[in-house]
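Novice: Sharing run_7.cif below, mmCIF, C-alpha atoms:
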```
data_model
loop_
_atom_site.label_atom_id
_atom_site.label_comp_id
_atom_site.auth_asym_id
_atom_site.auth_seq_id
_atom_site.Cartn_x
_atom_site.Cartn_y
_atom_site.Cartn_z
CA MET P 853 82.13 30.58 27.61
CA GLU P 854 83.30 31.61 31.08
CA ASP P 855 83.23 35.21 32.26
CA VAL P 856 86.61 35.21 34.01
CA GLN P 857 89.68 34.77 31.85
CA GLU P 858 92.76 33.31 33.46
CA ASN P 859 95.16 32.78 30.58
CA GLN P 860 94.80 33.55 26.90
CA SER P 861 96.26 30.21 25.80
CA GLN P 862 93.65 28.21 27.74
CA PRO P 863 90.37 26.91 26.25
CA LEU P 864 87.43 29.28 26.57
CA GLY P 865 85.67 27.28 29.23
CA HIS P 866 88.67 26.68 31.51
CA ARG P 867 89.37 28.37 34.86
CA ASP P 868 92.62 28.23 36.80
CA GLU P 869 91.98 27.68 40.52
CA ASN P 870 95.53 28.33 41.75
CA GLU P 871 95.63 30.67 44.74
CA ILE P 872 98.27 33.37 45.10
CA VAL P 873 98.90 35.16 48.40
CA THR P 874 98.71 38.93 48.04
CA GLU P 875 99.19 41.95 50.22
CA ASN P 876 96.04 43.63 51.52
CA ALA P 877 94.22 46.17 49.38
CA ALA P 878 90.70 47.61 49.33
CA PHE P 879 88.82 49.22 46.47
CA VAL P 880 85.51 50.69 45.44
CA HIS P 881 85.01 51.59 41.78
CA GLY P 882 83.05 54.60 40.61
CA GLU P 883 82.18 56.03 37.20
CA PRO P 884 83.99 59.20 36.09
CA PRO P 885 82.33 62.27 37.55
CA GLN P 886 80.76 64.96 35.38
CA ASP P 887 82.46 68.36 35.16
CA ALA P 888 80.43 70.32 32.62
CA ASN P 889 80.53 73.36 34.88
CA GLY P 890 83.95 72.97 36.47
CA PRO P 891 84.56 71.46 39.91
CA PRO P 892 81.53 69.87 41.57
CA LYS P 893 79.51 71.80 44.12
CA VAL P 894 80.01 70.17 47.51
CA ASP P 895 78.01 70.97 50.65
CA SER P 896 79.87 68.72 53.10
CA GLU P 897 81.88 70.04 56.02
CA VAL P 898 85.29 71.52 55.27
CA GLU P 899 88.18 69.69 56.96
CA VAL P 900 91.40 71.65 57.47
CA LEU P 901 94.19 69.12 56.95
CA HIS P 902 96.98 71.68 56.78
CA GLU P 903 97.24 75.43 56.71
CA LYS P 904 97.23 75.20 52.92
CA VAL P 905 95.10 72.07 52.37
CA ARG P 906 91.33 71.77 52.86
CA LYS P 907 89.13 68.78 52.07
CA GLN P 908 85.41 68.19 51.44
CA THR P 909 84.07 64.66 51.11
CA ILE P 910 81.97 63.89 48.03
CA LYS P 911 81.57 60.14 48.60
CA GLU P 912 82.47 58.22 51.73
CA GLY P 913 85.13 55.51 51.60
CA HIS P 914 85.76 52.55 53.86
CA GLY P 915 88.54 50.84 55.77
CA GLN P 916 91.80 52.38 56.89
CA LYS P 917 93.70 55.39 55.59
CA PRO P 918 97.05 54.85 53.85
CA SER P 919 100.21 55.33 55.86
CA LYS P 920 103.54 56.80 54.79
CA TYR P 921 105.14 54.95 51.86
CA SER P 922 101.84 53.36 50.86
CA THR P 923 101.45 53.03 47.11
CA CYS P 924 98.17 54.79 46.34
CA PHE P 925 96.25 54.51 43.09
CA VAL P 926 94.11 57.53 42.32
CA HIS P 927 92.06 59.24 39.66
CA TYR P 928 91.81 63.01 39.72
CA LYS P 929 90.92 66.20 37.90
CA ALA P 930 92.69 69.47 38.51
CA TRP P 931 91.61 73.11 38.03
CA THR P 932 93.25 76.42 38.77
CA GLU P 933 91.10 78.04 41.44
CA SER P 934 91.23 81.55 40.01
CA THR P 935 90.17 80.72 36.44
CA LEU P 936 88.57 77.27 36.93
CA HIS P 937 90.59 76.07 33.93
CA LYS P 938 90.92 72.29 33.96
CA PHE P 939 94.47 71.28 33.12
CA GLU P 940 94.59 67.59 34.01
CA ASP P 941 92.14 64.65 33.95
CA THR P 942 93.31 61.07 34.53
CA TRP P 943 89.83 59.58 34.02
CA ASN P 944 90.17 60.32 30.31
CA GLU P 945 93.15 57.98 30.08
CA GLN P 946 91.29 55.16 31.89
CA ARG P 947 94.32 54.40 34.03
CA PRO P 948 94.84 55.32 37.68
CA VAL P 949 97.89 57.32 38.71
CA GLU P 950 100.33 55.90 41.24
CA VAL P 951 101.47 58.05 44.15
CA VAL P 952 103.86 56.80 46.84
CA LEU P 953 103.15 58.84 49.95
CA GLY P 954 106.32 60.47 51.20
CA LYS P 955 108.00 60.14 47.80
CA GLU P 956 105.72 62.33 45.73
CA LYS P 957 106.89 65.15 43.47
CA LYS P 958 107.22 68.55 45.09
CA GLU P 959 104.21 70.01 43.28
CA MET P 960 102.09 67.10 44.58
CA THR P 961 102.87 67.73 48.27
CA GLY P 962 99.47 69.24 49.09
CA PHE P 963 97.74 66.63 46.94
CA SER P 964 99.45 63.82 48.89
CA ILE P 965 98.42 65.35 52.21
CA GLY P 966 94.84 65.16 51.02
CA VAL P 967 95.17 61.56 49.75
CA SER P 968 96.76 60.44 53.03
CA ASN P 969 93.57 61.56 54.79
CA MET P 970 91.23 59.58 52.53
CA LYS P 971 89.93 56.02 52.70
CA SER P 972 89.73 53.49 49.90
CA GLY P 973 86.84 54.30 47.59
CA GLU P 974 86.50 57.84 48.89
CA ARG P 975 86.03 60.77 46.55
CA ALA P 976 86.82 64.27 47.76
CA LEU P 977 87.41 67.85 46.74
CA LEU P 978 90.81 69.26 47.76
CA HIS P 979 91.78 72.93 47.90
CA VAL P 980 95.57 73.25 47.81
CA GLY P 981 97.45 76.53 48.28
CA TRP P 982 100.13 77.45 45.77
CA GLU P 983 102.86 76.97 48.37
CA LEU P 984 102.19 73.18 48.36
CA GLY P 985 101.41 73.08 44.66
CA TYR P 986 103.23 74.52 41.67
CA GLY P 987 104.78 77.35 43.69
CA LYS P 988 105.86 80.80 42.62
CA GLU P 989 106.94 79.71 39.14
CA GLY P 990 103.75 77.95 38.07
CA SER P 991 103.95 74.89 35.82
CA PHE P 992 106.15 74.41 32.78
CA SER P 993 104.26 71.22 31.83
CA PHE P 994 100.87 72.95 32.16
CA PRO P 995 101.18 76.51 30.79
CA ASN P 996 97.65 77.29 31.96
CA VAL P 997 98.84 77.01 35.57
CA PRO P 998 100.20 80.49 36.30
CA PRO P 999 102.62 81.46 39.09
CA MET P 1000 101.21 81.31 42.63
CA ALA P 1001 98.07 79.45 41.50
CA ASP P 1002 95.90 77.73 44.09
CA ILE P 1003 94.63 74.37 42.83
CA ILE P 1004 91.33 72.50 43.18
CA TYR P 1005 91.47 68.70 42.87
CA GLU P 1006 88.63 66.24 42.58
CA VAL P 1007 90.22 63.01 43.77
CA GLU P 1008 89.15 59.39 44.04
CA LEU P 1009 91.36 57.05 46.04
CA ILE P 1010 90.82 53.78 44.20
CA GLY P 1011 92.93 51.79 46.64
CA PHE P 1012 96.38 51.39 48.11
CA ASP P 1013 98.97 48.82 49.00
CA GLU P 1014 101.00 49.04 52.16
CA ALA P 1015 104.70 48.90 51.29
CA LYS P 1016 107.18 49.49 54.08
CA GLU P 1017 109.98 50.30 51.69
CA GLY P 1018 107.78 52.47 49.47
CA LYS P 1019 108.79 50.70 46.30
CA ALA P 1020 107.21 52.30 43.26
CA ARG P 1021 106.58 50.54 39.96
CA SER P 1022 109.48 52.35 38.35
CA ASP P 1023 111.83 50.78 40.92
CA MET P 1024 110.60 47.23 40.34
CA THR P 1025 112.21 44.66 38.08
CA VAL P 1026 110.21 43.32 35.13
CA GLU P 1027 109.47 40.10 37.01
CA GLU P 1028 108.30 42.02 40.08
CA ARG P 1029 105.90 44.18 38.09
CA ILE P 1030 104.41 41.27 36.17
CA GLY P 1031 104.14 39.27 39.41
CA ALA P 1032 102.43 42.15 41.22
CA ALA P 1033 99.98 42.57 38.34
CA ASP P 1034 99.23 38.85 38.31
CA ARG P 1035 98.46 38.87 42.02
CA ARG P 1036 95.97 41.71 41.52
CA LYS P 1037 94.38 39.75 38.68
CA MET P 1038 93.95 36.66 40.85
CA ASP P 1039 92.44 38.76 43.64
CA GLY P 1040 90.04 40.22 41.09
CA ASN P 1041 88.98 36.75 40.01
CA VAL P 1042 88.14 35.86 43.61
CA PHE P 1043 85.95 38.95 43.91
CA PHE P 1044 84.31 38.14 40.57
CA LYS P 1045 83.36 34.65 41.68
CA GLU P 1046 81.81 36.21 44.77
CA GLU P 1047 79.79 38.57 42.51
CA LYS P 1048 81.62 41.59 43.96
CA LEU P 1049 82.00 43.17 40.56
CA GLU P 1050 83.04 46.66 41.60
CA GLU P 1051 85.83 45.32 43.82
CA ALA P 1052 86.90 42.92 41.08
CA MET P 1053 87.20 45.76 38.57
CA GLN P 1054 89.38 47.71 40.96
CA GLN P 1055 91.77 44.78 41.23
CA TYR P 1056 91.93 44.42 37.46
CA GLU P 1057 92.45 48.15 37.10
CA MET P 1058 95.31 47.96 39.60
CA ALA P 1059 96.88 45.13 37.62
CA ILE P 1060 96.58 47.06 34.37
CA ALA P 1061 98.28 50.03 36.02
CA TYR P 1062 101.42 47.90 36.36
CA MET P 1063 101.30 47.15 32.64
CA GLY P 1064 101.34 50.73 31.32
CA ASP P 1065 102.25 51.60 27.74
CA ASP P 1066 105.67 52.92 28.73
CA PHE P 1067 106.45 49.61 30.42
CA MET P 1068 105.08 47.42 27.60
CA PHE P 1069 107.06 49.37 25.01
CA GLN P 1070 110.31 48.31 26.67
CA LEU P 1071 109.50 44.59 26.69
CA HIS P 1072 110.52 42.05 24.06
CA GLY P 1073 110.35 38.32 23.58
CA LYS P 1074 109.26 36.20 26.52
CA TYR P 1075 108.82 39.16 28.88
CA HIS P 1076 106.42 40.83 26.47
CA ASP P 1077 104.45 37.59 26.18
CA MET P 1078 104.43 37.20 29.96
CA ALA P 1079 103.07 40.71 30.41
CA LEU P 1080 100.35 40.23 27.78
CA SER P 1081 99.27 36.98 29.45
CA VAL P 1082 98.37 39.08 32.49
CA LYS P 1083 97.27 42.33 30.84
CA HIS P 1084 94.83 40.92 28.30
CA PRO P 1085 92.86 38.77 30.78
CA CYS P 1086 92.48 41.82 33.02
CA HIS P 1087 90.95 43.89 30.21
CA LEU P 1088 88.67 41.00 29.24
CA ASN P 1089 87.61 40.39 32.83
CA MET P 1090 86.88 44.10 33.16
CA ALA P 1091 84.68 43.73 30.07
CA ALA P 1092 82.86 40.78 31.65
CA CYS P 1093 82.16 42.84 34.79
CA LEU P 1094 80.98 45.83 32.77
CA ILE P 1095 78.60 43.67 30.71
CA LYS P 1096 77.06 42.35 33.93
CA LEU P 1097 76.69 45.95 35.13
CA LYS P 1098 75.08 46.90 31.78
CA ARG P 1099 77.85 49.39 31.00
CA TYR P 1100 78.19 48.15 27.45
CA GLU P 1101 80.10 51.05 25.87
CA GLU P 1102 82.85 50.71 28.47
CA ALA P 1103 82.95 46.96 27.91
CA ILE P 1104 83.47 47.54 24.19
CA GLY P 1105 86.34 49.90 25.03
CA GLN P 1106 88.11 47.23 27.09
CA CYS P 1107 87.72 44.67 24.30
CA ASN P 1108 89.03 47.16 21.74
CA ILE P 1109 92.24 47.53 23.74
CA VAL P 1110 92.87 43.79 23.48
CA LEU P 1111 91.87 43.61 19.82
CA GLY P 1112 94.25 46.45 19.07
CA GLU P 1113 97.09 44.15 20.14
CA ASP P 1114 95.56 40.80 19.15
CA GLN P 1115 92.94 41.22 16.42
CA ASN P 1116 91.92 37.55 16.48
CA ASN P 1117 91.42 37.24 20.25
CA VAL P 1118 88.33 35.03 20.53
CA LYS P 1119 87.20 36.21 23.97
CA ALA P 1120 87.58 39.86 23.03
CA LEU P 1121 85.50 39.30 19.89
CA PHE P 1122 82.89 37.34 21.82
CA ARG P 1123 82.49 39.88 24.62
CA ARG P 1124 82.47 42.83 22.27
CA GLY P 1125 79.81 41.02 20.27
CA LYS P 1126 77.68 40.54 23.41
CA ALA P 1127 78.00 44.19 24.35
CA ARG P 1128 77.13 45.31 20.81
CA ALA P 1129 74.13 43.00 20.73
CA GLU P 1130 72.84 44.52 23.97
CA LEU P 1131 73.17 47.99 22.41
CA GLY P 1132 71.13 46.86 19.40
CA GLN P 1133 74.15 46.89 17.06
CA THR P 1134 73.17 43.51 15.65
CA ASP P 1135 75.13 43.67 12.39
CA ASP P 1136 78.38 44.53 14.18
CA ALA P 1137 77.66 41.91 16.85
CA ARG P 1138 77.09 39.23 14.21
CA GLU P 1139 80.37 40.18 12.53
CA ASP P 1140 82.22 39.72 15.84
CA PHE P 1141 80.56 36.37 16.57
CA LEU P 1142 81.26 35.03 13.09
CA LYS P 1143 84.91 36.02 13.31
CA ALA P 1144 85.18 34.43 16.76
CA GLN P 1145 83.51 31.28 15.42
CA LYS P 1146 86.11 31.11 12.67
CA TYR P 1147 88.82 30.56 15.31
CA ALA P 1148 86.66 28.55 17.73
CA PRO P 1149 84.19 26.62 15.52
CA GLU P 1150 83.22 24.17 18.27
CA ASP P 1151 82.38 26.77 20.89
CA LYS P 1152 78.72 26.39 21.84
CA ALA P 1153 78.44 29.83 23.44
CA ILE P 1154 79.26 31.53 20.14
CA THR P 1155 76.73 29.38 18.28
CA ARG P 1156 74.12 30.19 20.91
CA GLU P 1157 74.66 33.94 20.51
CA LEU P 1158 74.40 33.68 16.72
CA ASN P 1159 71.13 31.75 17.10
CA LEU P 1160 69.82 34.42 19.44
CA LEU P 1161 70.64 37.09 16.86
CA ALA P 1162 68.84 35.08 14.17
CA GLU P 1163 65.75 34.77 16.39
CA HIS P 1164 65.93 38.47 17.14
CA ASP P 1165 66.01 39.29 13.43
CA LYS P 1166 62.99 37.06 12.76
CA ALA P 1167 61.02 38.62 15.61
CA LEU P 1168 61.93 42.09 14.40
CA TYR P 1169 60.80 41.26 10.86
CA ARG P 1170 57.45 39.94 12.11
CA LYS P 1171 56.95 43.02 14.26
CA GLN P 1172 57.76 45.38 11.40
CA LYS P 1173 55.40 43.47 9.11
CA GLU P 1174 52.56 43.91 11.61
CA ILE P 1175 53.35 47.60 12.01
CA TYR P 1176 53.29 48.24 8.27
CA LYS P 1177 50.11 46.21 7.93
CA GLY P 1178 48.46 48.36 10.57
CA ILE P 1179 49.57 51.57 8.89
CA PHE P 1180 48.57 50.82 5.30
CA GLY P 1181 45.86 48.20 5.83
CA PRO P 1182 45.01 45.38 3.36
CA ARG P 1183 45.32 46.05 -0.33
CA PRO P 1184 41.90 47.09 -1.69
CA GLU P 1185 40.18 44.81 -4.21
CA PRO P 1186 39.68 46.38 -7.68
CA ARG P 1187 36.06 47.50 -8.20
CA PRO P 1188 34.29 46.55 -11.47
CA LYS P 1189 33.64 49.53 -13.67
CA ARG P 1190 30.04 50.61 -14.07
CA ILE P 1191 28.66 50.32 -17.57
CA LYS P 1192 27.27 53.57 -18.87
CA TRP P 1193 24.16 52.57 -20.89
CA ILE P 1194 23.68 55.94 -22.44
CA VAL P 1195 27.11 55.74 -24.00
CA LEU P 1196 26.36 52.29 -25.39
CA VAL P 1197 23.06 53.51 -26.91
CA TRP P 1198 24.77 56.42 -28.61
CA GLN P 1199 27.49 54.13 -29.93
CA TRP P 1200 24.78 51.78 -31.40
CA MET P 1201 22.91 54.66 -32.99
CA LEU P 1202 26.09 56.06 -34.55
CA SER P 1203 27.01 52.65 -35.95
CA MET P 1204 23.51 52.25 -37.46
CA PHE P 1205 23.65 55.75 -38.96
CA ASP P 1206 27.05 54.94 -40.46
CA LEU P 1207 25.69 51.69 -41.94
CA LEU P 1208 22.69 53.46 -43.45
CA PHE P 1209 24.83 56.24 -44.91
CA ASN P 1210 27.15 53.70 -46.59
CA ARG P 1211 24.20 51.89 -48.25
CA ILE P 1212 22.76 55.12 -49.64
CA ARG P 1213 26.16 56.07 -51.08
CA ARG P 1214 26.58 52.70 -52.78
CA LYS P 1215 23.13 53.02 -54.46
CA ALA P 1216 23.98 56.47 -55.69
CA ASP P 1217 27.19 55.16 -57.28
#
```
For the file at hand, write its structure as structure tokens.

Specialist:
Amino acid sequence: MEDVQENQSQPLGHRDENEIVTENAAFVHGEPPQDANGPPKVDSEVEVLHEKVRKQTIKEGHGQKPSKYSTCFVHYKAWTESTLHKFEDTWNEQRPVEVVLGKEKKEMTGFSIGVSNMKSGERALLHVGWELGYGKEGSFSFPNVPPMADIIYEVELIGFDEAKEGKARSDMTVEERIGAADRRKMDGNVFFKEEKLEEAMQQYEMAIAYMGDDFMFQLHGKYHDMALSVKHPCHLNMAACLIKLKRYEEAIGQCNIVLGEDQNNVKALFRRGKARAELGQTDDAREDFLKAQKYAPEDKAITRELNLLAEHDKALYRKQKEIYKGIFGPRPEPRPKRIKWIVLVWQWMLSMFDLLFNRIRRKAD
């Protein structure tokens, strides 16, 4: 079973080698940062980008910085600086946010200034004054953002596409969005074959961003099928990358997304089974493999994984048997009971006395 999925209708072992020309993009994928104690503590130099915008680099990026009208894909967390209350976190939704520089919402002006000074893959801490944030009124959407609140952002610039006209996804036709997503998927497959897994995942994540729930909800018939033929392979290819990177829980999450829309998807069942097996969830893994085998009975990869689980179970049984044997030891042999001769003598004497007594009584009668 191949690790890169091209089209759901194809056999499991088939790869499509068609090349599609794409616009340039660069990505570096990182795991969601931890925020148990609010914004991260950063010791790097403070860059003043604007009178009301300051930046500190957490992780260096690479390549060029985006220009005006570039379509940037970012993850971020946001806190009010005065209370350190977190009011937004895009990592939780597992989808990057799209920002077109120069066409951002008013409250994102300071945020966009910061993003325009970042490189692909860079993660930074931004301090934005209220004048370039939610202003004097605060936020209606986020009640915890009071009037005149300065904002702290932790931002990761996943990547960007140069677009002279600054065309956002919402301005694209259905065909344009599906086509753009498909190009990202094909780019991801190239990176995957080169073993550049992090870059491949960023391409797949970009593609998925074009296939958001709001967009999919509007599609019907052939357009819905066209979108799924791009979206599902991206989730499954993400799962393949994550399995290689030993991030099994995340791989299971990607497979679950596909199985939520196609419960009999063989590749989703297979890859979820592999991830579960690596986590030691052998019963759940076997259930996935058996269900996958039901729809692909001739697939050798599924049979191989089931055989591996069987061997694992046998080895585990032997190991447990040895452990229990070592704990309790061999069963002791029953010892023969010692004969107490004194007891036997007394029993003989009593029986003789009883015999003698009976004879005397008979004579007396």

Novice: Can you find the residues with an atom no farther than 10 Å from (91.5, 78.3, 35.7), counting all atoms listed in the file, and report them as a list in words?

Specialist: Gly890, Ala930, Trp931, Thr932, Glu933, Ser934, Thr935, Leu936, His937, Lys938, Phe939, Asn996, Val997, Pro998, Ala1001, Asp1002, Ile1003 and Ile1004 of chain P

Novice: Counting all atoms listed in the file, which residue out of P:Val1195, P:Ile1154, P:Ile1010, P:Val1026 sits closest to P:Phe925?

Specialist: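 Checking each candidate against P:Phe925, we get P:Ile1010 as the closest.
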
Novice: Contacts of P:Phe1044 at 12 Å or less, counting all atoms listed in the file, minus same-chain residues fewer than 6 places along, as an MDAnalysis selection string?

Specialist: chainID P and resid 854:857 1037:1038 1050:1056 1086 1089:1094 1096

Novice: Might you spell out which residues the PyMOL selection byres ((chain P and resi 941) around 7) would select in the displayed file, as a list in words?

Specialist: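 So the PyMOL selection byres ((chain P and resi 941) around 7) ends up selecting Tyr928, Lys929, Ala930, Glu940, Thr942, Trp943 and Asn944 of chain P.
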
Novice: I would like the residues chosen by the PyMOL selection byres ((chain P and resi 912) around 8) on the shown file; could you give them as a list in words?

Specialist: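 Answer for the PyMOL selection byres ((chain P and resi 912) around 8): Thr909, Ile910, Lys911, Gly913, His914, Lys971, Gly973, Glu974 and Arg975 of chain P.
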
Novice: Give as number ranges by chain the residues that the PyMOL selection byres ((chain P and resi 1072-1079) around 12) matches when applied to the coordinates above.

Specialist: P: 859-861, 1025-1034, 1059-1065, 1067-1071, 1080-1086, 1113-1114

Novice: Out of P:Glu950, P:Glu1139, P:Glu959, P:Glu1174, which residue has the shortest atom-to-atom distance to P:Glu983 when counting only C-alpha atoms?

Specialist: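 Of P:Glu950, P:Glu1139, P:Glu959, P:Glu1174, the one nearest P:Glu983, counting only C-alpha atoms, is P:Glu959.
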
Novice: As number ranges by chain, please: the residues near P:Phe963 (cut-off 9 Å, only C-alpha atoms, same-chain neighbours under 3 positions excluded).

Specialist: P: 905, 959-960, 966-968, 978-980, 984-985, 1005, 1007

Novice: Keeping C-alpha atoms (and nothing else), can you write stretch 1004-1076 of chain P of this structure as a JSON list (two decimals), in the first residue's frame?

Specialist:
```json
[["chain", "number", "residue", "atom", "x", "y", "z"],
["P", 1004, "ILE", "CA", -0.18, 40.01, 22.00],
["P", 1005, "TYR", "CA", -0.04, 37.53, 19.10],
["P", 1006, "GLU", "CA", 2.00, 34.38, 18.77],
["P", 1007, "VAL", "CA", 2.14, 33.89, 15.01],
["P", 1008, "GLU", "CA", 3.50, 31.25, 12.66],
["P", 1009, "LEU", "CA", 3.69, 32.11, 8.98],
["P", 1010, "ILE", "CA", 3.14, 28.71, 7.39],
["P", 1011, "GLY", "CA", 3.68, 30.00, 3.88],
["P", 1012, "PHE", "CA", 2.41, 32.39, 1.25],
["P", 1013, "ASP", "CA", 1.57, 32.64, -2.41],
["P", 1014, "GLU", "CA", 2.41, 35.70, -4.44],
["P", 1015, "ALA", "CA", -0.74, 36.98, -6.15],
["P", 1016, "LYS", "CA", -0.52, 40.27, -7.99],
["P", 1017, "GLU", "CA", -4.25, 40.79, -7.93],
["P", 1018, "GLY", "CA", -4.59, 39.69, -4.30],
["P", 1019, "LYS", "CA", -7.34, 37.22, -5.04],
["P", 1020, "ALA", "CA", -8.62, 35.61, -1.87],
["P", 1021, "ARG", "CA", -10.34, 32.23, -1.70],
["P", 1022, "SER", "CA", -13.71, 33.88, -1.20],
["P", 1023, "ASP", "CA", -13.30, 35.64, -4.57],
["P", 1024, "MET", "CA", -12.44, 32.45, -6.47],
["P", 1025, "THR", "CA", -14.86, 30.34, -8.46],
["P", 1026, "VAL", "CA", -15.44, 26.73, -7.39],
["P", 1027, "GLU", "CA", -13.20, 25.47, -10.19],
["P", 1028, "GLU", "CA", -10.42, 27.89, -9.22],
["P", 1029, "ARG", "CA", -10.46, 26.82, -5.58],
["P", 1030, "ILE", "CA", -10.46, 23.11, -6.37],
["P", 1031, "GLY", "CA", -7.71, 23.65, -8.96],
["P", 1032, "ALA", "CA", -5.59, 25.64, -6.51],
["P", 1033, "ALA", "CA", -6.01, 22.94, -3.87],
["P", 1034, "ASP", "CA", -5.08, 20.23, -6.35],
["P", 1035, "ARG", "CA", -1.89, 22.06, -7.29],
["P", 1036, "ARG", "CA", -0.88, 22.25, -3.63],
["P", 1037, "LYS", "CA", -1.58, 18.53, -3.28],
["P", 1038, "MET", "CA", 0.63, 17.68, -6.25],
["P", 1039, "ASP", "CA", 3.42, 19.87, -4.86],
["P", 1040, "GLY", "CA", 3.07, 18.04, -1.56],
["P", 1041, "ASN", "CA", 3.44, 14.70, -3.31],
["P", 1042, "VAL", "CA", 6.71, 15.86, -4.88],
["P", 1043, "PHE", "CA", 8.05, 16.83, -1.46],
["P", 1044, "PHE", "CA", 6.89, 13.52, -0.02],
["P", 1045, "LYS", "CA", 8.75, 11.51, -2.64],
["P", 1046, "GLU", "CA", 11.85, 13.53, -1.77],
["P", 1047, "GLU", "CA", 11.34, 12.62, 1.93],
["P", 1048, "LYS", "CA", 10.75, 16.29, 2.79],
["P", 1049, "LEU", "CA", 7.86, 15.46, 5.07],
["P", 1050, "GLU", "CA", 7.48, 18.78, 6.85],
["P", 1051, "GLU", "CA", 7.31, 20.68, 3.56],
["P", 1052, "ALA", "CA", 4.90, 18.11, 2.15],
["P", 1053, "MET", "CA", 2.56, 18.54, 5.12],
["P", 1054, "GLN", "CA", 2.53, 22.28, 4.63],
["P", 1055, "GLN", "CA", 1.44, 21.84, 1.02],
["P", 1056, "TYR", "CA", -1.33, 19.46, 2.04],
["P", 1057, "GLU", "CA", -2.40, 21.83, 4.80],
["P", 1058, "MET", "CA", -2.54, 24.66, 2.25],
["P", 1059, "ALA", "CA", -4.70, 22.52, -0.02],
["P", 1060, "ILE", "CA", -7.06, 21.64, 2.82],
["P", 1061, "ALA", "CA", -7.40, 25.33, 3.64],
["P", 1062, "TYR", "CA", -9.06, 25.82, 0.24],
["P", 1063, "MET", "CA", -11.56, 23.08, 1.08],
["P", 1064, "GLY", "CA", -12.95, 24.54, 4.32],
["P", 1065, "ASP", "CA", -16.25, 23.42, 5.83],
["P", 1066, "ASP", "CA", -18.04, 26.57, 4.73],
["P", 1067, "PHE", "CA", -16.97, 25.92, 1.14],
["P", 1068, "MET", "CA", -17.79, 22.19, 1.18],
["P", 1069, "PHE", "CA", -21.24, 22.87, 2.62],
["P", 1070, "GLN", "CA", -22.17, 24.86, -0.48],
["P", 1071, "LEU", "CA", -21.15, 22.15, -2.95],
["P", 1072, "HIS", "CA", -23.43, 19.52, -4.48],
["P", 1073, "GLY", "CA", -23.20, 16.83, -7.10],
["P", 1074, "LYS", "CA", -20.10, 16.71, -9.26],
["P", 1075, "TYR", "CA", -18.46, 19.72, -7.61],
["P", 1076, "HIS", "CA", -18.74, 18.10, -4.19]]
```
